[in-house]
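K.L.:
I have a structure I would like to understand better, so I am pasting it below and will then ask my questions one at a time.
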Amino acid sequence: MVIRRSSAAVSTDRRIGRRPVQDLDLGPVVLPRDAPVFREPFVTQRDQRWFDRPEEFSPGRWAEAAPQRPRFAWFPFGAGPRSCIGEHFGRLVLILAVATIAARWRLTPTRPISPAMRSLLTLKPRGAVWMLAQSRGKG
Ligand code: HEM
């Protein structure tokens, strides 16, 4: 739930690019062949049509019955035939890392955490995230 919520709020990839191989008529918009087109998980995953209170970190919501939303309203690993081949491995690593750290350490923010992000290849917090790490005494 934490992983799903985190990757909904702050997808690591800011934008995912494509170029149509031919003119693409989407009704109100025609995308010309070879035009750069960007899909932004960061934007879609904050759309209030699909996500209630998108700015709020509330992982418990993923335990509830999923509201009806389009299949690709959540796509931190991209979509389609060129989507991430490492999705399952990446999710497994994230789950193991969070579970391992959370089992051994209690992390408490010591300064307010700014929601500001910076976009390089991936999205990162703009400033440092200051945390106090306290051992849970489990080795
Ligand atoms: C949390 C971890 C990861 C995230 C959020 C992530 C995200 C993404 C995204 C958004 C794309 C672009 C998909 C698209 O264009 O539709 C991508 C592509 C790709 N990812 Fe990942 N990825 C992760 C981990 C990994 C890992 C662990 C591997 C390899 C072991 C991997 C290998 C790839 C490859 C090879 C592509 C290009 C696929 C293609 O163009 O056909 N990724 N990833």
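In the structure tokens, chains take letters A, B, ... by order of appearance, with residues numbered from 1 within each chain and ligands from 1 in the order shown.
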Taking the backbone alone, and naming residues the way the document does, which bits of range 18-86 of chain A are helix (DSSP H, G or I) by DSSP, as a list in words?
P.N.:
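Residues of range 18-86 of chain A classed as helix (DSSP H, G or I): Pro41, Phe42, Val43, Thr44, Pro59, Gly60, Arg61, Trp62, Ala63, Arg71, Phe72 and Ala73 of chain A.
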K.L.:
Could you give me, as a PyMOL selection string, every polymer residue with an atom at most 6 Å away from an atom of ligand 1, counting only C-alpha atoms and all ligand atoms?
P.N.:
chain A and resi 12-13+16+76-79+82-87+89-91
K.L.:
Contacts of Pro41 in chain A at 7 Å or less, counting only C-alpha atoms, minus same-chain residues fewer than 2 places along, as a VMD selection string?
P.N.:
chain A and resid 11 14 to 15 39 43 to 45 74 to 76
K.L.:
Write the selection just made, keeping N, CA, C and O atoms, as a CSV table (one decimal), in the first residue's frame?
P.N.:
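Output contents, as saved in selection06.csv:
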chain,number,residue,atom,x,y,z
A,11,SER,N,5.6,9.7,-9.0
A,11,SER,CA,6.2,8.7,-9.9
A,11,SER,C,7.6,9.0,-10.1
A,11,SER,O,8.0,10.2,-10.3
A,14,ARG,N,9.2,11.4,-14.5
A,14,ARG,CA,8.4,12.6,-14.7
A,14,ARG,C,7.5,12.4,-15.9
A,14,ARG,O,6.3,12.7,-15.9
A,15,ARG,N,8.1,12.1,-17.0
A,15,ARG,CA,7.3,12.0,-18.3
A,15,ARG,C,7.8,10.9,-19.1
A,15,ARG,O,9.0,10.5,-19.0
A,39,ARG,N,3.5,11.5,-21.9
A,39,ARG,CA,2.5,11.1,-20.9
A,39,ARG,C,3.2,11.3,-19.6
A,39,ARG,O,4.3,11.0,-19.4
A,43,VAL,N,1.0,13.9,-13.5
A,43,VAL,CA,-0.2,14.7,-13.7
A,43,VAL,C,-1.4,13.7,-13.6
A,43,VAL,O,-2.3,14.0,-12.8
A,44,THR,N,-1.4,12.6,-14.4
A,44,THR,CA,-2.6,11.7,-14.4
A,44,THR,C,-2.9,11.2,-13.0
A,44,THR,O,-4.0,11.1,-12.6
A,45,GLN,N,-1.8,10.9,-12.2
A,45,GLN,CA,-2.0,10.3,-10.9
A,45,GLN,C,-2.4,11.3,-9.9
A,45,GLN,O,-2.6,10.9,-8.7
A,74,TRP,N,-3.1,4.8,-13.3
A,74,TRP,CA,-1.9,4.6,-12.5
A,74,TRP,C,-0.9,3.9,-13.4
A,74,TRP,O,-1.2,2.8,-13.7
A,75,PHE,N,0.2,4.6,-13.7
A,75,PHE,CA,1.1,3.9,-14.6
A,75,PHE,C,2.6,4.3,-14.4
A,75,PHE,O,3.3,4.8,-15.3
A,76,PRO,N,3.1,4.2,-13.1
A,76,PRO,CA,4.4,4.5,-12.9
A,76,PRO,C,5.5,3.7,-13.7
A,76,PRO,O,6.6,4.2,-13.8
K.L.:
Give the answer as one residue: which of A:Leu31, A:Ala133, A:Val37, A:Leu26 has the shortest atom-to-atom distance to Ile101 in chain A, using only C-alpha atoms?
P.N.:
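That would be A:Ala133, the residue with the smallest distance to Ile101 in chain A.
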K.L.:
Please indicate the distance in Å from CA of Asp52 in chain A to CA of Ala73 in chain A, rounded to one decimal place.
P.N.:
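Answer for the CA of Asp52 in chain A to CA of Ala73 in chain A separation: 12.4 Å.
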K.L.:
Hey, what's within 9 Å of Thr110 in chain A if we count only C-alpha atoms and toss same-chain stuff fewer than 6 positions away? As a PyMOL selection string, please?
P.N.:
chain A and resi 129-132
